[in-house]
file my_file17.cif (mmCIF, C-alpha atoms)
data_start
#
loop_
_atom_site.label_atom_id
_atom_site.label_comp_id
_atom_site.auth_asym_id
_atom_site.auth_seq_id
_atom_site.Cartn_x
_atom_site.Cartn_y
_atom_site.Cartn_z
CA MET E 938 -133.91 -275.73 8.51
CA SER E 939 -133.48 -275.83 4.72
CA GLU E 940 -137.23 -276.15 4.08
CA ILE E 941 -137.91 -272.63 5.33
CA THR E 942 -135.53 -271.09 2.82
CA ALA E 943 -136.49 -273.35 -0.11
CA ASP E 944 -138.04 -271.81 -3.23
CA CYS E 945 -138.13 -268.29 -1.81
CA ASP E 946 -137.62 -265.77 -4.63
CA ASP E 947 -136.72 -262.98 -2.21
CA LEU E 948 -133.62 -264.89 -1.02
CA LYS E 949 -131.30 -263.74 -3.78
CA ASP E 950 -127.95 -262.08 -4.40
CA GLY E 951 -128.06 -258.38 -3.57
CA ALA E 952 -131.13 -258.74 -1.33
CA THR E 953 -131.76 -256.42 1.61
CA VAL E 954 -132.22 -258.43 4.82
CA LEU E 955 -133.63 -257.23 8.14
CA LEU E 956 -132.18 -259.03 11.18
CA GLY E 957 -134.06 -258.65 14.46
CA GLY E 958 -132.27 -258.66 17.79
CA PHE E 959 -130.31 -256.41 20.12
CA GLY E 960 -126.86 -257.71 21.03
CA ASP E 961 -127.42 -261.43 21.50
CA THR E 962 -131.03 -261.04 22.63
CA GLY E 963 -133.87 -261.95 20.30
CA VAL E 964 -131.65 -262.81 17.32
CA ALA E 965 -132.88 -265.41 14.81
CA VAL E 966 -129.55 -267.23 14.85
CA LYS E 967 -130.90 -270.44 13.29
CA LEU E 968 -132.44 -268.52 10.39
CA ILE E 969 -129.22 -266.54 9.91
CA ASP E 970 -127.35 -269.87 9.72
CA ALA E 971 -129.85 -271.11 7.13
CA LEU E 972 -129.32 -267.90 5.13
CA ARG E 973 -125.55 -268.34 5.30
CA GLU E 974 -125.83 -271.85 3.88
CA LEU E 975 -127.35 -270.39 0.70
CA SER E 976 -123.99 -268.66 0.00
CA LEU E 977 -125.64 -265.55 -1.43
CA SER E 978 -123.54 -262.51 -2.28
CA ASN E 979 -123.66 -258.75 -1.80
CA LEU E 980 -126.44 -258.74 0.79
CA THR E 981 -127.36 -255.50 2.53
CA VAL E 982 -127.99 -256.32 6.19
CA VAL E 983 -130.09 -254.06 8.42
CA SER E 984 -129.49 -254.77 12.10
CA ASN E 985 -128.84 -252.84 15.30
CA GLY E 986 -125.27 -254.11 15.50
CA ALA E 987 -122.68 -255.70 13.25
CA GLY E 988 -122.45 -259.03 15.05
CA GLY E 989 -120.16 -260.27 17.79
CA GLY E 990 -118.17 -263.42 18.39
CA GLU E 991 -118.08 -266.06 15.64
CA TYR E 992 -121.78 -266.91 15.32
CA GLY E 993 -124.96 -265.48 13.82
CA LEU E 994 -124.38 -262.25 11.89
CA ALA E 995 -120.61 -262.29 12.49
CA ARG E 996 -120.42 -265.73 10.87
CA LEU E 997 -122.60 -264.58 7.96
CA ILE E 998 -120.25 -261.63 7.44
CA LYS E 999 -117.21 -263.91 7.64
CA SER E 1000 -118.71 -266.13 4.93
CA GLY E 1001 -118.47 -263.17 2.52
CA SER E 1002 -122.21 -262.83 1.85
CA VAL E 1003 -122.56 -259.29 3.18
CA GLY E 1004 -121.63 -256.23 1.12
CA LYS E 1005 -123.17 -253.55 3.32
CA ILE E 1006 -124.46 -253.09 6.85
CA ILE E 1007 -126.99 -250.48 7.95
CA CYS E 1008 -126.89 -250.31 11.74
CA SER E 1009 -126.64 -248.06 14.79
CA PHE E 1010 -123.84 -249.70 16.77
CA PRO E 1011 -121.26 -251.64 14.72
CA ARG E 1012 -118.84 -251.89 17.64
CA SER E 1013 -118.64 -254.18 20.62
CA SER E 1014 -115.98 -255.88 22.65
CA ASP E 1015 -116.04 -258.82 20.22
CA SER E 1016 -117.04 -257.33 16.83
CA LYS E 1017 -113.65 -258.21 15.35
CA ILE E 1018 -114.94 -259.92 12.19
CA PHE E 1019 -116.85 -256.84 11.05
CA GLU E 1020 -114.19 -254.38 12.16
CA ASP E 1021 -111.40 -256.20 10.33
CA LEU E 1022 -113.37 -256.18 7.06
CA TYR E 1023 -114.36 -252.55 7.62
CA SER E 1024 -110.72 -251.54 8.19
CA ALA E 1025 -109.78 -253.39 5.00
CA GLY E 1026 -112.47 -251.51 3.08
CA LYS E 1027 -114.21 -254.77 2.20
CA ILE E 1028 -117.60 -253.97 3.68
CA GLU E 1029 -119.71 -250.83 3.47
CA LEU E 1030 -121.23 -249.25 6.59
CA GLU E 1031 -124.14 -246.83 7.04
CA THR E 1032 -124.37 -245.72 10.68
CA VAL E 1033 -127.91 -244.66 11.61
CA PRO E 1034 -129.19 -243.38 14.98
CA GLN E 1035 -131.05 -246.23 16.67
CA GLY E 1036 -134.42 -244.49 16.77
CA THR E 1037 -134.09 -243.33 13.18
CA LEU E 1038 -133.27 -246.92 12.22
CA ALA E 1039 -136.39 -248.24 14.00
CA GLU E 1040 -138.55 -245.50 12.49
CA ARG E 1041 -137.19 -245.98 8.96
CA ILE E 1042 -138.18 -249.66 9.21
CA ARG E 1043 -141.54 -248.83 10.76
CA ALA E 1044 -142.18 -246.35 7.94
CA GLY E 1045 -141.20 -248.97 5.39
CA GLY E 1046 -143.76 -251.37 6.81
CA ALA E 1047 -146.45 -248.68 6.98
CA GLY E 1048 -146.12 -247.41 3.41
CA ILE E 1049 -144.52 -244.11 4.40
CA PRO E 1050 -141.65 -243.31 1.98
CA ALA E 1051 -139.89 -240.74 4.17
CA PHE E 1052 -140.35 -238.65 7.31
CA TYR E 1053 -138.77 -235.77 9.22
CA THR E 1054 -137.03 -236.13 12.58
CA ALA E 1055 -135.09 -233.79 14.87
CA THR E 1056 -132.63 -236.58 15.58
CA ALA E 1057 -129.15 -235.98 14.13
CA PHE E 1058 -129.83 -232.43 12.97
CA GLY E 1059 -126.54 -230.53 12.96
CA THR E 1060 -124.45 -233.72 13.20
CA PRO E 1061 -122.32 -235.58 10.64
CA LEU E 1062 -125.09 -238.20 10.26
CA ALA E 1063 -127.36 -235.57 8.70
CA ASP E 1064 -124.77 -234.43 6.15
CA SER E 1065 -126.29 -233.88 2.70
CA LYS E 1066 -129.79 -234.73 3.92
CA GLU E 1067 -132.75 -232.42 3.30
CA VAL E 1068 -133.61 -230.23 6.30
CA ARG E 1069 -136.94 -228.45 6.90
CA VAL E 1070 -138.16 -226.18 9.65
CA PHE E 1071 -141.47 -226.97 11.35
CA ASN E 1072 -142.72 -224.76 14.20
CA GLY E 1073 -139.29 -223.16 14.47
CA ARG E 1074 -137.31 -226.39 14.85
CA HIS E 1075 -135.02 -228.10 12.34
CA TYR E 1076 -135.83 -231.60 11.12
CA VAL E 1077 -133.89 -233.99 8.90
CA MET E 1078 -135.59 -236.01 6.17
CA GLU E 1079 -135.02 -239.74 6.49
CA ARG E 1080 -136.11 -242.37 4.00
CA ALA E 1081 -137.97 -245.57 4.78
CA ILE E 1082 -136.28 -248.96 4.67
CA ARG E 1083 -138.08 -251.77 2.82
CA ALA E 1084 -136.43 -255.13 2.56
CA ASP E 1085 -136.69 -258.34 0.62
CA ILE E 1086 -136.37 -260.56 3.67
CA ALA E 1087 -136.85 -260.22 7.43
CA LEU E 1088 -135.49 -262.83 9.84
CA VAL E 1089 -137.45 -262.69 13.07
CA HIS E 1090 -137.06 -264.50 16.40
CA ALA E 1091 -140.28 -264.92 18.40
CA ALA E 1092 -141.37 -266.79 21.53
CA THR E 1093 -144.56 -268.44 20.33
CA GLY E 1094 -146.41 -268.59 17.05
CA ASP E 1095 -149.53 -270.26 15.71
CA ARG E 1096 -150.52 -271.57 12.27
CA TRP E 1097 -151.99 -268.17 11.35
CA GLY E 1098 -148.59 -266.56 11.92
CA ASN E 1099 -149.58 -264.70 15.07
CA LEU E 1100 -146.53 -264.11 17.27
CA THR E 1101 -145.55 -263.30 20.84
CA TYR E 1102 -142.13 -262.30 22.11
CA ARG E 1103 -140.44 -262.72 25.48
CA SER E 1104 -139.38 -259.59 27.46
CA THR E 1105 -136.61 -257.56 25.76
CA ALA E 1106 -136.11 -260.27 23.13
CA ARG E 1107 -138.90 -258.33 21.38
CA ASN E 1108 -136.73 -255.32 20.38
CA PHE E 1109 -136.63 -254.80 16.58
CA ASN E 1110 -138.45 -258.04 15.70
CA PRO E 1111 -142.09 -256.84 15.48
CA VAL E 1112 -141.06 -253.72 13.51
CA MET E 1113 -138.95 -255.69 11.05
CA ALA E 1114 -141.71 -258.28 10.56
CA THR E 1115 -143.78 -255.56 8.88
CA ALA E 1116 -141.19 -254.25 6.44
CA ALA E 1117 -140.09 -257.12 4.19
CA SER E 1118 -141.55 -258.79 1.12
CA THR E 1119 -141.00 -262.13 2.85
CA THR E 1120 -140.88 -262.46 6.63
CA LEU E 1121 -139.35 -265.67 7.94
CA VAL E 1122 -139.84 -266.43 11.62
CA GLU E 1123 -138.21 -268.85 14.01
CA VAL E 1124 -140.38 -269.49 17.07
CA ARG E 1125 -139.27 -271.16 20.24
CA LYS E 1126 -142.61 -272.93 20.43
CA LEU E 1127 -145.42 -273.54 17.98
CA VAL E 1128 -148.73 -273.33 19.78
CA ASP E 1129 -152.27 -274.28 18.82
CA MET E 1130 -153.43 -270.67 19.00
CA VAL E 1131 -152.02 -267.43 20.40
CA PRO E 1132 -154.86 -265.81 22.38
CA PRO E 1133 -155.95 -262.77 20.32
CA GLU E 1134 -155.36 -260.34 23.19
CA GLU E 1135 -151.74 -261.54 23.49
CA VAL E 1136 -150.80 -261.29 19.81
CA ILE E 1137 -147.95 -258.80 19.30
CA THR E 1138 -147.31 -259.45 15.60
CA PRO E 1139 -150.53 -260.30 13.75
CA GLY E 1140 -150.13 -263.12 11.26
CA ILE E 1141 -150.68 -260.89 8.23
CA PHE E 1142 -147.02 -259.85 8.51
CA VAL E 1143 -145.66 -263.40 8.61
CA ASP E 1144 -144.95 -265.62 5.60
CA ARG E 1145 -143.14 -268.71 6.91
CA MET E 1146 -142.39 -270.05 10.34
CA ILE E 1147 -140.29 -272.78 11.87
CA GLU E 1148 -140.07 -274.10 15.41
CA VAL E 1149 -136.51 -274.03 16.78
CA GLY E 1150 -136.97 -274.74 20.48
CA ASP E 1151 -135.55 -272.72 23.35
CA TYR E 1152 -131.91 -272.75 22.23
CA THR E 1153 -130.95 -269.19 23.23
CA MET P 625 -111.70 -231.30 46.85
CA LYS P 626 -113.43 -233.20 44.09
CA LEU P 627 -116.59 -235.25 44.00
CA SER P 628 -116.40 -238.97 43.35
CA SER P 629 -118.58 -240.45 40.61
CA GLY P 630 -120.84 -241.75 43.38
CA ASP P 631 -121.13 -238.23 44.84
CA ILE P 632 -122.09 -236.85 41.44
CA ALA P 633 -124.67 -239.60 40.98
CA ARG P 634 -126.10 -238.81 44.43
CA TYR P 635 -126.55 -235.12 43.53
CA VAL P 636 -128.13 -236.03 40.18
CA ALA P 637 -130.55 -238.47 41.84
CA GLY P 638 -131.48 -235.82 44.40
CA ASP P 639 -132.54 -233.43 41.62
CA ILE P 640 -134.89 -235.88 39.87
CA SER P 641 -138.56 -235.38 40.69
CA ASN P 642 -140.52 -238.28 42.13
CA GLY P 643 -142.30 -240.20 39.36
CA SER P 644 -139.98 -239.09 36.54
CA TYR P 645 -139.35 -241.27 33.50
CA VAL P 646 -135.57 -241.38 33.18
CA ASN P 647 -133.14 -242.89 30.68
CA LEU P 648 -129.66 -243.53 32.08
CA GLY P 649 -126.83 -243.79 29.57
CA ILE P 650 -124.37 -246.66 29.63
CA GLY P 651 -121.49 -246.21 32.08
CA MET P 652 -121.35 -243.54 34.79
CA PRO P 653 -125.02 -242.41 34.48
CA MET P 654 -126.14 -245.90 35.52
CA LEU P 655 -124.72 -245.15 39.00
CA VAL P 656 -127.71 -242.84 39.52
CA SER P 657 -129.94 -245.87 40.09
CA ASP P 658 -127.92 -246.66 43.25
CA TYR P 659 -128.89 -243.31 44.82
CA ILE P 660 -132.66 -243.12 44.30
CA PRO P 661 -133.99 -241.49 47.50
CA GLU P 662 -136.12 -243.80 49.61
CA ASP P 663 -139.23 -241.70 49.21
CA SER P 664 -138.88 -241.43 45.41
CA GLU P 665 -139.82 -243.69 42.52
CA PHE P 666 -138.01 -243.14 39.21
CA ILE P 667 -139.24 -245.19 36.29
CA LEU P 668 -136.15 -246.19 34.34
CA HIS P 669 -136.43 -246.56 30.58
CA THR P 670 -134.02 -248.66 28.59
CA GLU P 671 -134.14 -248.04 24.86
CA ASN P 672 -134.06 -251.71 23.91
CA GLY P 673 -137.63 -251.96 25.13
CA MET P 674 -138.40 -251.76 28.84
CA LEU P 675 -139.89 -249.35 31.36
CA GLY P 676 -139.51 -250.09 35.05
CA MET P 677 -136.00 -251.45 34.71
CA GLY P 678 -134.71 -252.85 37.99
CA PRO P 679 -131.24 -253.69 39.31
CA ALA P 680 -128.71 -255.95 37.61
CA ALA P 681 -129.63 -259.62 37.79
CA ALA P 682 -127.89 -261.58 40.55
CA GLU P 683 -124.92 -263.62 39.41
CA GLY P 684 -126.10 -267.05 38.36
CA ALA P 685 -129.71 -265.83 38.01
CA GLU P 686 -129.30 -263.94 34.73
CA ASP P 687 -132.14 -264.13 32.21
CA TRP P 688 -130.59 -263.14 28.88
CA ASP P 689 -133.96 -262.19 27.46
CA ILE P 690 -134.00 -259.32 29.97
CA VAL P 691 -131.13 -256.98 29.17
CA ASN P 692 -130.43 -253.25 29.25
CA ALA P 693 -128.97 -251.02 26.55
CA GLY P 694 -125.48 -252.10 27.64
CA LYS P 695 -126.48 -255.74 27.01
CA GLN P 696 -126.22 -256.56 30.71
CA ALA P 697 -128.75 -258.89 32.36
CA VAL P 698 -131.10 -256.80 34.50
CA SER P 699 -134.52 -257.18 36.12
CA ILE P 700 -137.95 -255.61 35.76
CA LEU P 701 -139.86 -253.98 38.62
CA ARG P 702 -143.56 -254.10 39.45
CA GLY P 703 -145.52 -251.94 37.01
CA GLY P 704 -142.89 -252.33 34.29
CA SER P 705 -143.56 -253.07 30.63
CA TYR P 706 -141.92 -254.36 27.47
CA PHE P 707 -142.34 -252.89 23.98
CA HIS P 708 -140.69 -252.93 20.58
CA HIS P 709 -138.01 -250.58 19.32
CA ALA P 710 -140.27 -248.21 17.37
CA ASP P 711 -142.45 -247.67 20.45
CA SER P 712 -139.37 -247.29 22.63
CA PHE P 713 -137.97 -244.56 20.42
CA ALA P 714 -141.40 -242.93 20.06
CA MET P 715 -141.13 -242.46 23.84
CA ILE P 716 -137.76 -240.78 23.35
CA ARG P 717 -138.37 -238.84 20.14
CA GLY P 718 -141.93 -237.90 21.06
CA GLY P 719 -140.79 -236.09 24.21
CA HIS P 720 -142.22 -238.58 26.70
CA ILE P 721 -138.96 -239.24 28.56
CA ASP P 722 -138.52 -236.61 31.27
CA ILE P 723 -134.74 -236.78 31.63
CA SER P 724 -131.95 -238.31 29.58
CA ILE P 725 -128.69 -238.56 31.53
CA LEU P 726 -125.53 -239.12 29.52
CA GLY P 727 -121.79 -238.81 29.60
CA ALA P 728 -119.97 -236.50 27.16
CA TYR P 729 -116.59 -235.62 25.73
CA GLU P 730 -117.59 -231.97 25.33
CA VAL P 731 -120.52 -229.70 26.14
CA ALA P 732 -120.68 -226.22 24.59
CA ALA P 733 -121.92 -222.96 26.08
CA ASN P 734 -125.01 -223.12 23.82
CA GLY P 735 -125.90 -226.68 24.86
CA ASP P 736 -124.30 -228.53 21.93
CA ILE P 737 -123.00 -231.95 22.94
CA ALA P 738 -120.31 -234.24 21.51
CA ASN P 739 -120.39 -237.70 23.05
CA TRP P 740 -120.45 -240.32 20.31
CA LEU P 741 -117.34 -240.20 18.19
CA ILE P 742 -113.64 -239.56 18.41
CA PRO P 743 -112.62 -239.77 14.75
CA GLY P 744 -110.31 -242.70 14.13
CA PRO P 745 -110.00 -246.00 12.34
CA ARG P 746 -112.81 -247.81 14.16
CA PRO P 747 -116.30 -247.80 12.61
CA PRO P 748 -118.55 -244.96 13.86
CA ALA P 749 -121.18 -246.22 16.34
CA VAL P 750 -123.97 -243.97 17.64
CA GLY P 751 -126.62 -246.18 19.27
CA GLY P 752 -129.48 -244.13 20.69
CA ALA P 753 -127.50 -241.07 21.79
CA MET P 754 -128.70 -238.74 19.02
CA ASP P 755 -132.33 -239.70 19.62
CA LEU P 756 -132.01 -239.17 23.37
CA VAL P 757 -130.43 -235.71 23.21
CA ALA P 758 -132.89 -234.52 20.55
CA GLY P 759 -136.00 -235.98 22.12
CA ALA P 760 -135.92 -236.05 25.92
CA LYS P 761 -137.54 -233.13 27.76
CA GLN P 762 -134.34 -232.54 29.76
CA VAL P 763 -130.78 -233.57 28.94
CA TRP P 764 -128.33 -233.78 31.81
CA VAL P 765 -124.64 -234.55 31.34
CA MET P 766 -122.44 -236.21 33.96
CA LEU P 767 -118.70 -235.58 33.76
CA SER P 768 -116.59 -237.72 36.08
CA SER P 769 -113.91 -235.07 35.65
CA HIS P 770 -114.40 -231.40 34.77
CA VAL P 771 -111.30 -231.55 32.54
CA SER P 772 -109.88 -234.32 30.38
CA LYS P 773 -106.91 -236.48 31.39
CA SER P 774 -104.64 -234.01 29.60
CA GLY P 775 -106.25 -231.09 31.42
CA GLU P 776 -108.41 -229.79 28.57
CA PRO P 777 -111.80 -228.34 29.55
CA LYS P 778 -114.86 -230.43 28.69
CA VAL P 779 -117.23 -227.46 29.04
CA VAL P 780 -116.20 -225.32 26.08
CA GLU P 781 -117.22 -222.35 23.96
CA SER P 782 -117.90 -224.62 20.99
CA CYS P 783 -117.33 -228.34 20.52
CA THR P 784 -114.37 -229.53 18.46
CA LEU P 785 -115.52 -233.18 18.18
CA PRO P 786 -118.39 -234.36 15.93
CA LEU P 787 -121.71 -233.31 17.46
CA THR P 788 -124.36 -235.62 18.88
CA GLY P 789 -126.94 -232.84 19.02
CA VAL P 790 -127.28 -229.07 18.94
CA GLY P 791 -128.47 -226.81 21.76
CA CYS P 792 -129.92 -229.68 23.75
CA VAL P 793 -128.04 -229.92 27.07
CA ASN P 794 -129.86 -228.39 30.04
CA ARG P 795 -127.44 -229.13 32.88
CA VAL P 796 -123.93 -230.43 33.55
CA TYR P 797 -122.84 -232.23 36.73
CA SER P 798 -119.06 -232.53 37.10
CA ASP P 799 -116.70 -233.42 39.94
CA LEU P 800 -116.35 -229.67 40.59
CA ALA P 801 -119.67 -227.99 39.87
CA ILE P 802 -123.28 -228.07 38.69
CA ILE P 803 -123.85 -225.83 35.69
CA ASP P 804 -127.17 -224.97 34.06
CA ILE P 805 -126.99 -224.26 30.34
CA THR P 806 -129.20 -221.20 29.87
CA VAL P 807 -130.01 -218.91 26.94
CA ASP P 808 -127.34 -216.62 28.41
CA GLY P 809 -124.77 -219.40 28.57
CA PRO P 810 -123.45 -221.59 31.39
CA LEU P 811 -124.72 -220.62 34.85
CA VAL P 812 -122.98 -222.19 37.83
CA THR P 813 -125.43 -223.05 40.60
CA ALA P 814 -123.20 -225.19 42.83
CA MET P 815 -119.46 -225.72 43.44
CA VAL P 816 -117.41 -228.07 45.61
CA GLU P 817 -116.33 -226.92 49.03
CA GLY P 818 -113.30 -224.62 48.94
CA LEU P 819 -113.32 -223.98 45.17
CA GLU P 820 -113.08 -220.35 44.06
CA ARG P 821 -114.96 -219.04 41.05
CA GLU P 822 -111.66 -218.15 39.36
CA ASP P 823 -110.42 -221.74 39.79
CA LEU P 824 -113.52 -223.15 38.13
CA GLN P 825 -113.35 -220.57 35.34
CA ALA P 826 -109.70 -221.53 34.71
CA LYS P 827 -110.73 -225.13 34.14
CA THR P 828 -113.60 -224.20 31.81
CA GLY P 829 -113.42 -223.27 28.14
CA ALA P 830 -116.53 -221.04 28.14
CA ILE P 831 -117.32 -217.90 30.10
CA LEU P 832 -119.20 -218.81 33.27
CA ASN P 833 -121.93 -216.92 35.05
CA PHE P 834 -122.65 -217.65 38.69
CA VAL P 835 -125.79 -217.48 40.78
CA PRO P 836 -125.33 -215.01 43.67
CA LYS P 837 -124.96 -217.77 46.24
CA CYS P 838 -123.72 -221.08 44.89
CA GLU P 839 -124.71 -224.23 46.71
CA ILE P 840 -121.70 -225.96 48.30
CA LEU P 841 -121.15 -229.54 47.13
CA LYS P 842 -119.66 -231.99 49.59
CA SER P 843 -118.17 -235.41 49.15
CA CYS P 844 -119.88 -238.19 51.03
CA LYS P 845 -117.42 -240.72 52.39
CA ASN P 846 -120.10 -243.27 53.15
CA GLU P 847 -120.48 -244.70 49.68
CA VAL P 848 -123.41 -247.05 49.15
#

call {"tool": "encode", "arguments": {"input": "my_file17.cif", "output": "structure tokens"}}
result
Amino acid sequence: MSEITADCDDLKDGATVLLGGFGDTGVAVKLIDALRELSLSNLTVVSNGAGGGEYGLARLIKSGSVGKIICSFPRSSDSKIFEDLYSAGKIELETVPQGTLAERIRAGGAGIPAFYTATAFGTPLADSKEVRVFNGRHYVMERAIRADIALVHAATGDRWGNLTYRSTARNFNPVMATAASTTLVEVRKLVDMVPPEEVITPGIFVDRMIEVGDYT
Amino acid sequence: MKLSSGDIARYVAGDISNGSYVNLGIGMPMLVSDYIPEDSEFILHTENGMLGMGPAAAEGAEDWDIVNAGKQAVSILRGGSYFHHADSFAMIRGGHIDISILGAYEVAANGDIANWLIPGPRPPAVGGAMDLVAGAKQVWVMLSSHVSKSGEPKVVESCTLPLTGVGCVNRVYSDLAIIDITVDGPLVTAMVEGLEREDLQAKTGAILNFVPKCEILKSCKNEV
């Protein structure tokens, strides 16, 4: 796995890292392990959750590489590693509504610096954010998320970087692939060519890819 | 008499129009899928990227690439589809989901809802709740009990817990009544058999209005 992370300038201390996946589904666990082995510090991780069990993101957090998490649901039955550090004040948390999180990443990938959404208006998660009224309704300004690195898990990929995903293992992966300076992808299977009609992430968004097999 | 959670789910399912796109929250709202009338098709949306969500996967036959918002292994029905998170939340935030059905700690007379956070030491987690209440065409709340364990009303004049959304709830289904949230406040349209208006008002923290002839809600002993 070390070849995919070698000589990548965006893998650095303080980097912002997008991690695809929802719960344990569609998570690039092998790439997260490769990232952990670099022993970087003060990473900002953007992910739907804060990791469960003792693998993947939870293990990255335990290694001390993560300074901040931006996510929608940092709690699960087994999110003890994150919660212990959070309680001890050793990791920063920004809780973001799930749709706002997806849209902030989408905007980042599409060159949109900020946008307005009705989500979270009047709630604590809109505190101190700019509010505007359009057509009589209140909207909160949210800023785009751009990252240094995205770690994506896909089903198949070809040498042009075209990707497919399998069922709900798609989740955040295609959105995150668009919003990082360097997008690293683990694919279950490298194929000769993804048929153009079946491409979900066009190769323009992909920088490096590695085949990991069907380990999930 | 009180309704069971299954009874409440049966009444909710009976009020959903054939062909509706529906998002069921984690927990009690998921019971609604057990009571879809035989002549109706609801297309269930799960925010992690699927329309046409089917029943839970059979034990031993789970496919962990096919999960719902509660991270449980489920199935997909004929005509279903998969999509990424930004598309999934465009469906929610763009007003394409007909009904979002959620649980709540509190619902206020003006339709405010608090259902995501009881302040405490654990990290605040919101998931998709704020998107759903702000974006769905209709927001229905299911309350397994009209009052909390300590007897406090859950339908209140104004919420005391951190809000999930403002002025967004359209209807509340509890074990005692069905209440529409209107511009004039809560309007009771149905009550359980034998309950008097004064009894319901005593268990409610906001002033209730009543339709002239409330429907009578009955418990069904033959649970599915």

call {"tool": "closest_atom_pairs", "arguments": {"input": "my_file17.cif", "of": "stretch 665-765 of chain P", "to": "stretch 1003-1015 of chain E", "cutoff": "7 Å", "atoms": "only C-alpha atoms", "output": "tab-separated table"}}
result
residue	atom	partner	partner_atom	distance
P:Pro747	CA	E:Pro1011	CA	6.6
P:Ala749	CA	E:Phe1010	CA	4.4
P:Val750	CA	E:Ser1009	CA	5.7
P:Gly751	CA	E:Ser1009	CA	4.9

call {"tool": "residues_near_point", "arguments": {"input": "my_file17.cif", "point": "(-138.0, -272.0, 16.7)", "cutoff": "9 Å", "atoms": "all atoms listed in the file", "output": "MDAnalysis selection string"}}
result
chainID E and resid 965 967 1090:1093 1122:1127 1146:1152

call {"tool": "interface_residues", "arguments": {"input": "my_file17.cif", "of": "chain E", "to": "chain P", "cutoff": "10 Å", "atoms": "all atoms listed in the file", "output": "ChimeraX atom specification"}}
result
/E:958-963,985-986,1008-1013,1019-1021,1023-1024,1030-1044,1054-1062,1102-1113,1137,1153

call {"tool": "residues_around", "arguments": {"input": "my_file17.cif", "residues": "E:Tyr1053", "least_positions_apart": "5", "cutoff": "12 Å", "atoms": "all atoms listed in the file", "output": "list in words"}}
result
Thr1037, Glu1040, Arg1041, Ala1044, Phe1058, Ala1063, Lys1066, Glu1067, Val1068, Arg1069, Val1070, Phe1071, Arg1074, His1075, Tyr1076, Val1077, Met1078, Glu1079, Arg1080 and Ala1081 of chain E; Arg717 of chain P

call {"tool": "resolve_selection", "arguments": {"input": "my_file17.cif", "expression": "the PyMOL selection byres ((chain P and resi 796) around 12)", "output": "PyMOL selection string"}}
result
chain P and resi 632-633+635-636+724-733+735-737+762-770+778-780+792-795+797-806+810-815

call {"tool": "atom_distance", "arguments": {"input": "my_file17.cif", "atom1": "atom CA of E:Gly1094", "atom2": "atom CA of E:Val1143"}}
result
9.9 Å

call {"tool": "residues_near_point", "arguments": {"input": "my_file17.cif", "point": "(-134.5, -265.2, -0.2)", "cutoff": "9 Å", "atoms": "only C-alpha atoms", "output": "ChimeraX atom specification"}}
result
/E:942-950,952,954,972,975,977,1085-1086,1119

call {"tool": "resolve_selection", "arguments": {"input": "my_file17.cif", "expression": "the PyMOL selection byres ((chain P and resi 657) around 9)", "output": "ChimeraX atom specification"}}
result
/P:633,637,648,653-656,658-660,666,668,678-679

call {"tool": "residues_around", "arguments": {"input": "my_file17.cif", "residues": "E:Ser976", "least_positions_apart": "5", "cutoff": "9 Å", "atoms": "only C-alpha atoms", "output": "CSV table (one decimal) with C-alpha atoms, keeping the file's coordinate frame"}}
result
chain,number,residue,atom,x,y,z
E,950,ASP,CA,-128.0,-262.1,-4.4
E,1000,SER,CA,-118.7,-266.1,4.9
E,1001,GLY,CA,-118.5,-263.2,2.5
E,1002,SER,CA,-122.2,-262.8,1.8

call {"tool": "residues_around", "arguments": {"input": "my_file17.cif", "residues": "E:Leu956", "least_positions_apart": "4", "cutoff": "7 Å", "atoms": "only C-alpha atoms", "output": "PyMOL selection string"}}
result
chain E and resi 983-984+1087-1089

call {"tool": "write_last_selection", "arguments": {"input": "my_file17.cif", "atoms": "C-alpha atoms", "output": "PDB file, in the coordinates of the input"}}
result
ATOM      1  CA  VAL E 983    -130.090-254.060   8.420  1.00  0.00           C
ATOM      2  CA  SER E 984    -129.490-254.770  12.100  1.00  0.00           C
ATOM      3  CA  ALA E1087    -136.850-260.220   7.430  1.00  0.00           C
ATOM      4  CA  LEU E1088    -135.490-262.830   9.840  1.00  0.00           C
ATOM      5  CA  VAL E1089    -137.450-262.690  13.070  1.00  0.00           C
TER       6      VAL E1089
END

call {"tool": "resolve_selection", "arguments": {"input": "my_file17.cif", "expression": "the PyMOL selection byres ((chain P and resi 667) around 7)", "output": "PyMOL selection string"}}
result
chain P and resi 643-646+665-666+668-669+675-676

call {"tool": "atom_distance", "arguments": {"input": "my_file17.cif", "atom1": "atom CA of P:Glu817", "atom2": "atom CA of P:Leu832"}}
result
18.0 Å

call {"tool": "atom_distance", "arguments": {"input": "my_file17.cif", "atom1": "atom CA of E:Pro1139", "atom2": "atom CA of E:Val966"}}
result
22.1 Å

call {"tool": "closest_residue", "arguments": {"input": "my_file17.cif", "among": "E:Ile1028, E:Ala1116, E:Leu1022, E:Ala1084", "to": "E:Ala1047", "atoms": "only C-alpha atoms"}}
result
E:Ala1116

call {"tool": "closest_residue", "arguments": {"input": "my_file17.cif", "among": "E:Glu991, E:Asp970, E:Ile1018, E:Ser978", "to": "E:Gly951", "atoms": "only C-alpha atoms"}}
result
E:Ser978

call {"tool": "axis_aligned_box", "arguments": {"input": "my_file17.cif", "around": "stretch 1003-1018 of chain E", "padding_each_side": "6 Å", "output": "JSON"}}
result
{"center_x": -120.3, "center_y": -254.0, "center_z": 11.9, "size_x": 25.3, "size_y": 23.9, "size_z": 33.5}

call {"tool": "decode", "arguments": {"input": "my_file17.cif", "residues": "stretch 723-728 of chain P", "atoms": "C-alpha atoms", "output": "JSON list (two decimals), in the first residue's frame"}}
result
[["chain", "number", "residue", "atom", "x", "y", "z"],
["P", 723, "ILE", "CA", -43.22, 12.98, 3.99],
["P", 724, "SER", "CA", -40.50, 12.81, 6.62],
["P", 725, "ILE", "CA", -41.57, 10.82, 9.68],
["P", 726, "LEU", "CA", -39.50, 11.27, 12.83],
["P", 727, "GLY", "CA", -39.53, 10.86, 16.56],
["P", 728, "ALA", "CA", -39.14, 13.89, 18.85]]
